[in-house]
$ cat start_10.cif   # mmCIF, C-alpha atoms and all ligand atoms
data_data
loop_
_atom_site.group_PDB
_atom_site.id
_atom_site.type_symbol
_atom_site.label_atom_id
_atom_site.label_comp_id
_atom_site.auth_asym_id
_atom_site.auth_seq_id
_atom_site.Cartn_x
_atom_site.Cartn_y
_atom_site.Cartn_z
ATOM 1 C CA MET A 13 -4.327 -18.843 -9.152
ATOM 2 C CA SER A 14 -4.067 -15.084 -8.709
ATOM 3 C CA ALA A 15 -4.148 -13.227 -5.410
ATOM 4 C CA LEU A 16 -5.407 -10.049 -7.050
ATOM 5 C CA GLU A 17 -7.103 -9.448 -10.363
ATOM 6 C CA LEU A 18 -8.101 -6.131 -11.909
ATOM 7 C CA SER A 19 -10.152 -6.272 -15.070
ATOM 8 C CA ALA A 20 -11.440 -3.420 -17.227
ATOM 9 C CA VAL A 21 -11.330 -0.929 -14.344
ATOM 10 C CA THR A 22 -12.194 2.663 -15.206
ATOM 11 C CA LYS A 23 -12.052 5.657 -12.905
ATOM 12 C CA SER A 24 -13.081 9.272 -13.227
ATOM 13 C CA PHE A 25 -13.369 11.977 -10.596
ATOM 14 C CA THR A 26 -16.288 14.359 -10.289
ATOM 15 C CA MET A 27 -15.260 17.870 -9.265
ATOM 16 C CA HIS A 28 -18.231 19.077 -7.241
ATOM 17 C CA LEU A 29 -16.742 22.518 -6.668
ATOM 18 C CA GLN A 30 -16.484 23.014 -10.436
ATOM 19 C CA GLY A 31 -20.091 22.397 -11.383
ATOM 20 C CA GLY A 32 -19.756 18.601 -11.361
ATOM 21 C CA LEU A 33 -16.969 18.567 -13.983
ATOM 22 C CA ARG A 34 -15.989 14.953 -14.748
ATOM 23 C CA LEU A 35 -12.285 14.159 -14.960
ATOM 24 C CA PRO A 36 -11.595 10.746 -16.527
ATOM 25 C CA VAL A 37 -8.281 9.346 -15.266
ATOM 26 C CA LEU A 38 -8.015 5.593 -15.864
ATOM 27 C CA ASN A 39 -9.399 3.318 -18.560
ATOM 28 C CA ASP A 40 -9.381 -0.476 -18.893
ATOM 29 C CA VAL A 41 -6.917 -1.183 -16.075
ATOM 30 C CA THR A 42 -6.280 -4.916 -16.377
ATOM 31 C CA PHE A 43 -3.560 -6.940 -14.657
ATOM 32 C CA THR A 44 -3.174 -9.802 -12.206
ATOM 33 C CA VAL A 45 -0.787 -10.470 -9.342
ATOM 34 C CA ALA A 46 0.114 -13.995 -8.254
ATOM 35 C CA PRO A 47 1.052 -14.993 -4.691
ATOM 36 C CA GLY A 48 4.741 -14.203 -4.197
ATOM 37 C CA GLN A 49 4.853 -11.839 -7.167
ATOM 38 C CA CYS A 50 5.753 -8.143 -7.004
ATOM 39 C CA VAL A 51 4.220 -5.914 -9.662
ATOM 40 C CA ALA A 52 5.639 -2.396 -9.946
ATOM 41 C CA LEU A 53 3.387 0.348 -11.302
ATOM 42 C CA THR A 54 5.467 2.705 -13.424
ATOM 43 C CA GLY A 55 4.817 5.808 -15.505
ATOM 44 C CA PRO A 56 5.088 9.584 -15.261
ATOM 45 C CA SER A 57 3.585 11.706 -12.501
ATOM 46 C CA GLY A 58 -0.185 12.076 -12.703
ATOM 47 C CA THR A 59 -0.863 8.941 -14.770
ATOM 48 C CA GLY A 60 -2.840 7.294 -11.977
ATOM 49 C CA LYS A 61 -0.463 4.977 -10.087
ATOM 50 C CA SER A 62 -1.571 6.022 -6.579
ATOM 51 C CA SER A 63 -5.194 6.007 -7.712
ATOM 52 C CA ILE A 64 -4.862 2.325 -8.665
ATOM 53 C CA LEU A 65 -3.623 1.469 -5.154
ATOM 54 C CA LYS A 66 -6.514 3.445 -3.645
ATOM 55 C CA LEU A 67 -8.995 1.611 -5.902
ATOM 56 C CA ILE A 68 -7.618 -1.769 -4.768
ATOM 57 C CA TYR A 69 -7.780 -0.716 -1.098
ATOM 58 C CA GLY A 70 -11.335 0.532 -1.568
ATOM 59 C CA ASN A 71 -10.568 4.174 -0.776
ATOM 60 C CA TYR A 72 -11.744 5.103 -4.271
ATOM 61 C CA LYS A 73 -14.689 3.483 -5.991
ATOM 62 C CA CYS A 74 -14.224 2.579 -9.635
ATOM 63 C CA ASP A 75 -16.831 3.476 -12.256
ATOM 64 C CA THR A 76 -16.776 0.081 -13.963
ATOM 65 C CA GLY A 77 -14.729 -3.122 -13.846
ATOM 66 C CA ARG A 78 -13.777 -5.713 -11.236
ATOM 67 C CA ILE A 79 -11.120 -5.818 -8.528
ATOM 68 C CA LEU A 80 -10.988 -9.367 -7.216
ATOM 69 C CA VAL A 81 -9.106 -9.934 -3.963
ATOM 70 C CA ARG A 82 -8.481 -13.445 -2.701
ATOM 71 C CA THR A 83 -9.027 -14.081 0.997
ATOM 72 C CA GLY A 84 -8.457 -17.797 1.602
ATOM 73 C CA ASP A 85 -10.864 -19.672 -0.709
ATOM 74 C CA ASP A 86 -13.049 -16.609 -1.282
ATOM 75 C CA LEU A 87 -12.765 -13.990 -3.982
ATOM 76 C CA VAL A 88 -14.226 -10.606 -3.067
ATOM 77 C CA ASP A 89 -14.921 -7.946 -5.684
ATOM 78 C CA ILE A 90 -13.812 -4.728 -4.001
ATOM 79 C CA ALA A 91 -15.494 -2.759 -6.811
ATOM 80 C CA SER A 92 -18.946 -3.872 -5.710
ATOM 81 C CA ALA A 93 -18.316 -4.803 -2.051
ATOM 82 C CA ARG A 94 -20.194 -3.095 0.771
ATOM 83 C CA PRO A 95 -18.132 -0.922 3.153
ATOM 84 C CA ARG A 96 -18.256 -3.572 5.907
ATOM 85 C CA GLN A 97 -16.986 -6.234 3.522
ATOM 86 C CA ILE A 98 -14.152 -3.943 2.436
ATOM 87 C CA LEU A 99 -13.129 -3.409 6.068
ATOM 88 C CA SER A 100 -13.170 -7.149 6.669
ATOM 89 C CA VAL A 101 -11.045 -7.833 3.555
ATOM 90 C CA ARG A 102 -8.579 -5.159 4.660
ATOM 91 C CA GLN A 103 -8.235 -6.730 8.065
ATOM 92 C CA ARG A 104 -7.771 -10.264 6.716
ATOM 93 C CA ALA A 105 -5.909 -9.747 3.477
ATOM 94 C CA LEU A 106 -4.776 -6.254 2.566
ATOM 95 C CA GLY A 107 -1.855 -4.199 3.797
ATOM 96 C CA TYR A 108 -1.375 -0.655 2.487
ATOM 97 C CA VAL A 109 1.723 1.382 3.245
ATOM 98 C CA THR A 110 1.208 4.975 2.172
ATOM 99 C CA GLN A 111 3.956 7.574 1.912
ATOM 100 C CA PHE A 112 2.988 9.364 5.087
ATOM 101 C CA LEU A 113 2.353 8.185 8.609
ATOM 102 C CA ARG A 114 -0.978 9.266 10.035
ATOM 103 C CA ALA A 115 0.133 9.519 13.638
ATOM 104 C CA VAL A 116 -2.537 9.337 16.290
ATOM 105 C CA PRO A 117 -1.916 11.996 18.972
ATOM 106 C CA ARG A 118 -0.412 10.657 22.202
ATOM 107 C CA VAL A 119 0.018 7.078 20.911
ATOM 108 C CA SER A 120 3.606 5.819 21.117
ATOM 109 C CA ALA A 121 5.582 4.651 18.085
ATOM 110 C CA LEU A 122 5.687 1.140 19.564
ATOM 111 C CA ASP A 123 1.889 0.951 19.939
ATOM 112 C CA ILE A 124 1.364 2.375 16.458
ATOM 113 C CA VAL A 125 3.509 -0.424 15.014
ATOM 114 C CA ALA A 126 1.936 -3.171 17.159
ATOM 115 C CA GLU A 127 -1.693 -2.104 16.693
ATOM 116 C CA PRO A 128 -2.472 -3.837 13.337
ATOM 117 C CA LEU A 129 -1.306 -7.152 14.805
ATOM 118 C CA VAL A 130 -3.538 -6.666 17.874
ATOM 119 C CA THR A 131 -6.462 -5.904 15.538
ATOM 120 C CA LYS A 132 -5.728 -9.188 13.769
ATOM 121 C CA GLY A 133 -6.092 -11.022 17.104
ATOM 122 C CA VAL A 134 -2.445 -11.380 18.210
ATOM 123 C CA VAL A 135 -2.167 -10.945 21.989
ATOM 124 C CA ARG A 136 -0.670 -7.594 22.929
ATOM 125 C CA GLU A 137 2.509 -8.976 24.560
ATOM 126 C CA GLU A 138 3.375 -10.989 21.473
ATOM 127 C CA ALA A 139 2.485 -8.052 19.189
ATOM 128 C CA THR A 140 4.753 -5.769 21.223
ATOM 129 C CA ILE A 141 7.694 -8.189 20.984
ATOM 130 C CA ARG A 142 7.293 -8.433 17.223
ATOM 131 C CA ALA A 143 6.879 -4.650 16.905
ATOM 132 C CA LYS A 144 10.156 -4.133 18.806
ATOM 133 C CA ASP A 145 11.947 -6.560 16.453
ATOM 134 C CA MET A 146 10.626 -4.613 13.483
ATOM 135 C CA LEU A 147 11.662 -1.234 14.946
ATOM 136 C CA ARG A 148 15.146 -2.660 15.515
ATOM 137 C CA ARG A 149 15.327 -3.882 11.912
ATOM 138 C CA PHE A 150 14.471 -0.360 10.768
ATOM 139 C CA ASN A 151 17.130 1.106 13.064
ATOM 140 C CA VAL A 152 14.656 3.243 15.015
ATOM 141 C CA PRO A 153 16.541 4.212 18.213
ATOM 142 C CA GLU A 154 15.020 2.685 21.355
ATOM 143 C CA ARG A 155 14.695 6.131 22.986
ATOM 144 C CA LEU A 156 12.001 6.978 20.403
ATOM 145 C CA TRP A 157 9.817 3.891 20.900
ATOM 146 C CA SER A 158 7.737 5.314 23.747
ATOM 147 C CA LEU A 159 7.209 8.701 22.058
ATOM 148 C CA PRO A 160 4.379 9.693 19.699
ATOM 149 C CA PRO A 161 5.936 10.073 16.205
ATOM 150 C CA ALA A 162 4.364 13.477 15.412
ATOM 151 C CA THR A 163 7.684 15.253 15.987
ATOM 152 C CA PHE A 164 9.910 12.605 14.344
ATOM 153 C CA SER A 165 11.911 13.394 11.209
ATOM 154 C CA GLY A 166 10.483 12.487 7.791
ATOM 155 C CA GLY A 167 12.686 9.392 7.515
ATOM 156 C CA GLU A 168 11.908 8.280 11.079
ATOM 157 C CA GLN A 169 8.172 8.616 10.440
ATOM 158 C CA GLN A 170 8.478 6.648 7.229
ATOM 159 C CA ARG A 171 10.314 3.857 9.030
ATOM 160 C CA ILE A 172 7.558 3.715 11.691
ATOM 161 C CA ASN A 173 5.010 3.592 8.876
ATOM 162 C CA LEU A 174 6.884 0.784 7.124
ATOM 163 C CA ALA A 175 7.358 -1.187 10.340
ATOM 164 C CA ARG A 176 3.596 -0.902 10.988
ATOM 165 C CA GLY A 177 2.629 -1.819 7.419
ATOM 166 C CA LEU A 178 5.080 -4.667 6.899
ATOM 167 C CA LEU A 179 4.650 -6.368 10.295
ATOM 168 C CA PRO A 180 1.322 -8.177 9.703
ATOM 169 C CA GLU A 181 1.830 -10.902 7.110
ATOM 170 C CA HIS A 182 -1.021 -9.939 4.786
ATOM 171 C CA PRO A 183 -1.581 -12.007 1.613
ATOM 172 C CA ILE A 184 -1.625 -8.773 -0.421
ATOM 173 C CA LEU A 185 0.526 -5.718 0.170
ATOM 174 C CA LEU A 186 0.232 -2.290 -1.471
ATOM 175 C CA LEU A 187 3.297 -0.051 -1.231
ATOM 176 C CA ASP A 188 3.254 3.612 -2.253
ATOM 177 C CA GLU A 189 6.832 4.873 -2.517
ATOM 178 C CA PRO A 190 8.110 2.953 0.512
ATOM 179 C CA THR A 191 11.672 4.287 0.217
ATOM 180 C CA ALA A 192 11.033 7.958 -0.620
ATOM 181 C CA SER A 193 12.806 9.500 2.435
ATOM 182 C CA LEU A 194 15.120 6.656 3.378
ATOM 183 C CA ASP A 195 18.912 6.431 3.361
ATOM 184 C CA ALA A 196 20.697 3.604 1.522
ATOM 185 C CA HIS A 197 20.932 1.422 4.632
ATOM 186 C CA ASN A 198 17.192 1.556 5.327
ATOM 187 C CA ARG A 199 16.359 1.134 1.632
ATOM 188 C CA ALA A 200 18.251 -2.155 1.856
ATOM 189 C CA VAL A 201 16.085 -3.140 4.859
ATOM 190 C CA VAL A 202 12.959 -2.521 2.770
ATOM 191 C CA VAL A 203 14.352 -4.648 -0.079
ATOM 192 C CA GLU A 204 15.141 -7.463 2.359
ATOM 193 C CA LEU A 205 11.673 -7.343 3.958
ATOM 194 C CA VAL A 206 9.852 -7.204 0.622
ATOM 195 C CA ARG A 207 11.834 -10.248 -0.530
ATOM 196 C CA GLU A 208 10.923 -12.065 2.696
ATOM 197 C CA ARG A 209 7.232 -11.300 2.202
ATOM 198 C CA LYS A 210 7.420 -12.496 -1.402
ATOM 199 C CA ALA A 211 9.034 -15.743 -0.265
ATOM 200 C CA GLN A 212 6.119 -16.172 2.163
ATOM 201 C CA GLY A 213 3.681 -15.831 -0.754
ATOM 202 C CA THR A 214 2.587 -12.231 -0.365
ATOM 203 C CA ALA A 215 1.366 -10.611 -3.588
ATOM 204 C CA ILE A 216 2.715 -7.065 -3.839
ATOM 205 C CA VAL A 217 1.740 -4.019 -5.896
ATOM 206 C CA ALA A 218 4.241 -1.212 -5.482
ATOM 207 C CA ILE A 219 5.070 2.267 -6.698
ATOM 208 C CA MET A 220 8.826 2.670 -6.427
ATOM 209 C CA HIS A 221 10.569 5.649 -7.924
ATOM 210 C CA ASP A 222 13.937 4.326 -6.812
ATOM 211 C CA ASP A 223 15.189 2.294 -9.809
ATOM 212 C CA ASP A 224 17.597 0.177 -7.750
ATOM 213 C CA VAL A 225 14.897 -0.838 -5.277
ATOM 214 C CA ARG A 226 12.416 -1.589 -8.054
ATOM 215 C CA GLU A 227 14.919 -3.712 -9.949
ATOM 216 C CA ALA A 228 15.785 -5.573 -6.763
ATOM 217 C CA VAL A 229 12.214 -6.635 -5.942
ATOM 218 C CA ALA A 230 9.857 -6.283 -8.930
ATOM 219 C CA ASP A 231 9.036 -9.297 -11.096
ATOM 220 C CA LEU A 232 6.959 -7.290 -13.547
ATOM 221 C CA ASN A 233 6.599 -3.601 -14.442
ATOM 222 C CA VAL A 234 3.134 -2.430 -15.428
ATOM 223 C CA ASP A 235 3.348 0.915 -17.231
ATOM 224 C CA VAL A 236 0.242 2.836 -16.178
ATOM 225 C CA THR A 237 0.594 5.152 -19.202
ATOM 226 C CA ARG A 238 -1.332 2.584 -21.225
ATOM 227 C CA PHE A 239 -4.366 2.963 -18.929
ATOM 228 C CA ALA A 240 -4.064 6.723 -18.504
ATOM 229 C CA ILE A 241 -6.522 9.082 -20.158
ATOM 230 C CA ALA A 242 -4.716 12.243 -21.292
ATOM 231 C CA ALA A 243 -6.234 15.322 -19.684
HETATM 232 N N1 LIG B 1 -9.390 12.590 -5.148
HETATM 233 C C1 LIG B 1 -9.136 13.117 -6.350
HETATM 234 N N2 LIG B 1 -9.925 14.077 -6.873
HETATM 235 C C2 LIG B 1 -9.679 14.606 -8.086
HETATM 236 N N3 LIG B 1 -8.641 14.240 -8.864
HETATM 237 C C3 LIG B 1 -7.819 13.290 -8.401
HETATM 238 C C4 LIG B 1 -8.010 12.675 -7.123
HETATM 239 N N4 LIG B 1 -7.031 11.764 -6.926
HETATM 240 C C5 LIG B 1 -6.256 11.814 -8.028
HETATM 241 N N5 LIG B 1 -6.728 12.714 -8.916
HETATM 242 C C6 LIG B 1 -6.165 13.037 -10.235
HETATM 243 O O1 LIG B 1 -5.915 11.829 -10.926
HETATM 244 C C7 LIG B 1 -4.701 11.889 -11.645
HETATM 245 C C8 LIG B 1 -3.806 10.736 -11.227
HETATM 246 O O2 LIG B 1 -3.346 10.989 -9.896
HETATM 247 P P1 LIG B 1 -2.425 9.939 -9.109
HETATM 248 O O3 LIG B 1 -2.077 10.527 -7.791
HETATM 249 O O4 LIG B 1 -3.082 8.612 -9.128
HETATM 250 O O5 LIG B 1 -1.152 9.898 -10.085
HETATM 251 P P2 LIG B 1 0.298 9.251 -9.844
HETATM 252 O O6 LIG B 1 0.652 8.547 -11.113
HETATM 253 O O7 LIG B 1 0.306 8.421 -8.607
HETATM 254 O O8 LIG B 1 1.188 10.557 -9.673
HETATM 255 P P3 LIG B 1 2.569 10.814 -8.827
HETATM 256 O O9 LIG B 1 3.620 9.920 -9.444
HETATM 257 O O10 LIG B 1 2.828 12.272 -9.066
HETATM 258 O O11 LIG B 1 2.272 10.500 -7.393
HETATM 259 C C9 LIG B 1 -4.115 13.267 -11.392
HETATM 260 O O12 LIG B 1 -4.450 14.091 -12.473
HETATM 261 C C10 LIG B 1 -4.811 13.724 -10.112
HETATM 262 O O13 LIG B 1 -4.962 15.121 -10.083
#
$ encode --input "start_10.cif" --output "structure tokens"
Amino acid sequence: MSALELSAVTKSFTMHLQGGLRLPVLNDVTFTVAPGQCVALTGPSGTGKSSILKLIYGNYKCDTGRILVRTGDDLVDIASARPRQILSVRQRALGYVTQFLRAVPRVSALDIVAEPLVTKGVVREEATIRAKDMLRRFNVPERLWSLPPATFSGGEQQRINLARGLLPEHPILLLDEPTASLDAHNRAVVVELVRERKAQGTAIVAIMHDDDVREAVADLNVDVTRFAIAA
């Protein structure tokens, strides 16, 4: 039983500012991810790795193909789902950690980390306790917890982003370069947390440029070059 199944997915972009020029990017993307499995998307820059994560999350709409996401006993096809359905699947089943934190002005780091748990129905006190544990694991100094992260360093912001994305135990997790600005110590924290999530049955699709991290967590490498359409 797979947690996530992409079959025959194609994607092109239409450049409206260039007279509707069509830019085909991905063709026949087909792979599955089982619960507890980590699939790493590999391949050179510009082949379409981030686009695949955005297609799974429903940020991009594919031209053809199916993207089946399991939520409990249901399978939802993100490719044809309505926006409301996509939002509901995200809330119940999909975590997506992008490279950059989108900090909300005047919201503290602690609340930013706790918020996805509150949205999932965890009472705020409990969510706050778990958010603090996560911030500690990522070695974010306590003096920063009550501050909005807009002025934090790149690595601090990435750790807030990771703490926020990894805290809810989603059945499916999408990671886009989770260790890009981290030092060795915090990279090890990411490896440990990804392994924990795998042991809990989370299906993971990740882009990881750091070879050591990828080798430590990935069960399968999917080379996106084979789906890429040369420009
Ligand atoms: N919203 C968009 N509009 C137009 N073109 C896009 C869009 N998003 C991605 N592309 C194009 O699709 C191709 C694949 O981009 P993508 O970011 O998925 O590659 P990638 O493999 O993740 O690259 P990198 O490793 O450099 O992050 C690129 O040529 C990019 O310019």
$ residues_around --input "start_10.cif" --residues "Ala240 in chain A" --least-positions-apart "2" --cutoff "12 Å" --atoms "all atoms listed in the file" --output "ChimeraX atom specification"
/A:21-24,35-41,54-61,63-64,235-238,242-243
$ write_last_selection --input "start_10.cif" --atoms "C-alpha atoms" --output "PDB file, in the coordinates of the input"
ATOM      1  CA  VAL A  21     -11.330  -0.929 -14.344  1.00  0.00           C
ATOM      2  CA  THR A  22     -12.194   2.663 -15.206  1.00  0.00           C
ATOM      3  CA  LYS A  23     -12.052   5.657 -12.905  1.00  0.00           C
ATOM      4  CA  SER A  24     -13.081   9.272 -13.227  1.00  0.00           C
ATOM      5  CA  LEU A  35     -12.285  14.159 -14.960  1.00  0.00           C
ATOM      6  CA  PRO A  36     -11.595  10.746 -16.527  1.00  0.00           C
ATOM      7  CA  VAL A  37      -8.281   9.346 -15.266  1.00  0.00           C
ATOM      8  CA  LEU A  38      -8.015   5.593 -15.864  1.00  0.00           C
ATOM      9  CA  ASN A  39      -9.399   3.318 -18.560  1.00  0.00           C
ATOM     10  CA  ASP A  40      -9.381  -0.476 -18.893  1.00  0.00           C
ATOM     11  CA  VAL A  41      -6.917  -1.183 -16.075  1.00  0.00           C
ATOM     12  CA  THR A  54       5.467   2.705 -13.424  1.00  0.00           C
ATOM     13  CA  GLY A  55       4.817   5.808 -15.505  1.00  0.00           C
ATOM     14  CA  PRO A  56       5.088   9.584 -15.261  1.00  0.00           C
ATOM     15  CA  SER A  57       3.585  11.706 -12.501  1.00  0.00           C
ATOM     16  CA  GLY A  58      -0.185  12.076 -12.703  1.00  0.00           C
ATOM     17  CA  THR A  59      -0.863   8.941 -14.770  1.00  0.00           C
ATOM     18  CA  GLY A  60      -2.840   7.294 -11.977  1.00  0.00           C
ATOM     19  CA  LYS A  61      -0.463   4.977 -10.087  1.00  0.00           C
ATOM     20  CA  SER A  63      -5.194   6.007  -7.712  1.00  0.00           C
ATOM     21  CA  ILE A  64      -4.862   2.325  -8.665  1.00  0.00           C
ATOM     22  CA  ASP A 235       3.348   0.915 -17.231  1.00  0.00           C
ATOM     23  CA  VAL A 236       0.242   2.836 -16.178  1.00  0.00           C
ATOM     24  CA  THR A 237       0.594   5.152 -19.202  1.00  0.00           C
ATOM     25  CA  ARG A 238      -1.332   2.584 -21.225  1.00  0.00           C
ATOM     26  CA  ALA A 242      -4.716  12.243 -21.292  1.00  0.00           C
ATOM     27  CA  ALA A 243      -6.234  15.322 -19.684  1.00  0.00           C
TER      28      ALA A 243
END
$ axis_aligned_box --input "start_10.cif" --around "ligand LIG 1 (chain B)" --padding-each-side "8 Å" --output "AutoDock Vina command-line options"
--center_x -3.2 --center_y 11.8 --center_z -8.8 --size_x 29.5 --size_y 22.7 --size_z 23.3
$ resolve_selection --input "start_10.cif" --expression "the PyMOL selection byres (((chain A and resi 161) around 12) and not hetatm)" --output "MDAnalysis selection string"
chainID A and resid 112:125 152 155:160 162:173
$ atom_distance --input "start_10.cif" --atom1 "CA of Val109 in chain A" --atom2 "CA of Pro190 in chain A"
7.1 Å
$ atom_distance --input "start_10.cif" --atom1 "CA of Val101 in chain A" --atom2 "atom O13 of ligand LIG 1 (chain B)"
27.4 Å
$ residues_around --input "start_10.cif" --residues "range 174-186 of chain A" --least-positions-apart "5" --cutoff "8 Å" --atoms "all atoms listed in the file" --output "JSON, numbers by chain"
{"A": [15, 16, 47, 65, 83, 104, 105, 106, 107, 108, 109, 124, 125, 126, 127, 128, 129, 142, 143, 146, 147, 150, 205, 209, 213, 214, 215, 216, 217, 218]}
$ closest_residue --input "start_10.cif" --among "A:Val81, A:Arg34, A:Asn71, A:Glu227" --to "Glu17 in chain A" --atoms "only C-alpha atoms"
A:Val81
$ closest_residue --input "start_10.cif" --among "A:Met220, A:Cys50, A:Val203, A:Val229" --to "ligand LIG 1 (chain B)" --atoms "only C-alpha atoms and all ligand atoms"
A:Met220
$ atom_distance --input "start_10.cif" --atom1 "CA of Tyr69 in chain A" --atom2 "CA of Ile90 in chain A"
7.8 Å
$ closest_residue --input "start_10.cif" --among "A:Leu18, A:Met13, A:Ile141, A:Cys74" --to "ligand LIG 1 (chain B)" --atoms "all atoms listed in the file"
A:Cys74
$ closest_residue --input "start_10.cif" --among "A:Val135, A:Ala230, A:Ala46, A:Ser62" --to "ligand LIG 1 (chain B)" --atoms "all atoms listed in the file"
A:Ser62
$ closest_residue --input "start_10.cif" --among "A:Val51, A:Leu99, A:Ala192, A:Ala200" --to "ligand LIG 1 (chain B)" --atoms "only C-alpha atoms and all ligand atoms"
A:Ala192
$ closest_residue --input "start_10.cif" --among "A:Thr44, A:Thr76, A:Thr110, A:Thr131" --to "ligand LIG 1 (chain B)" --atoms "only C-alpha atoms and all ligand atoms"
A:Thr110
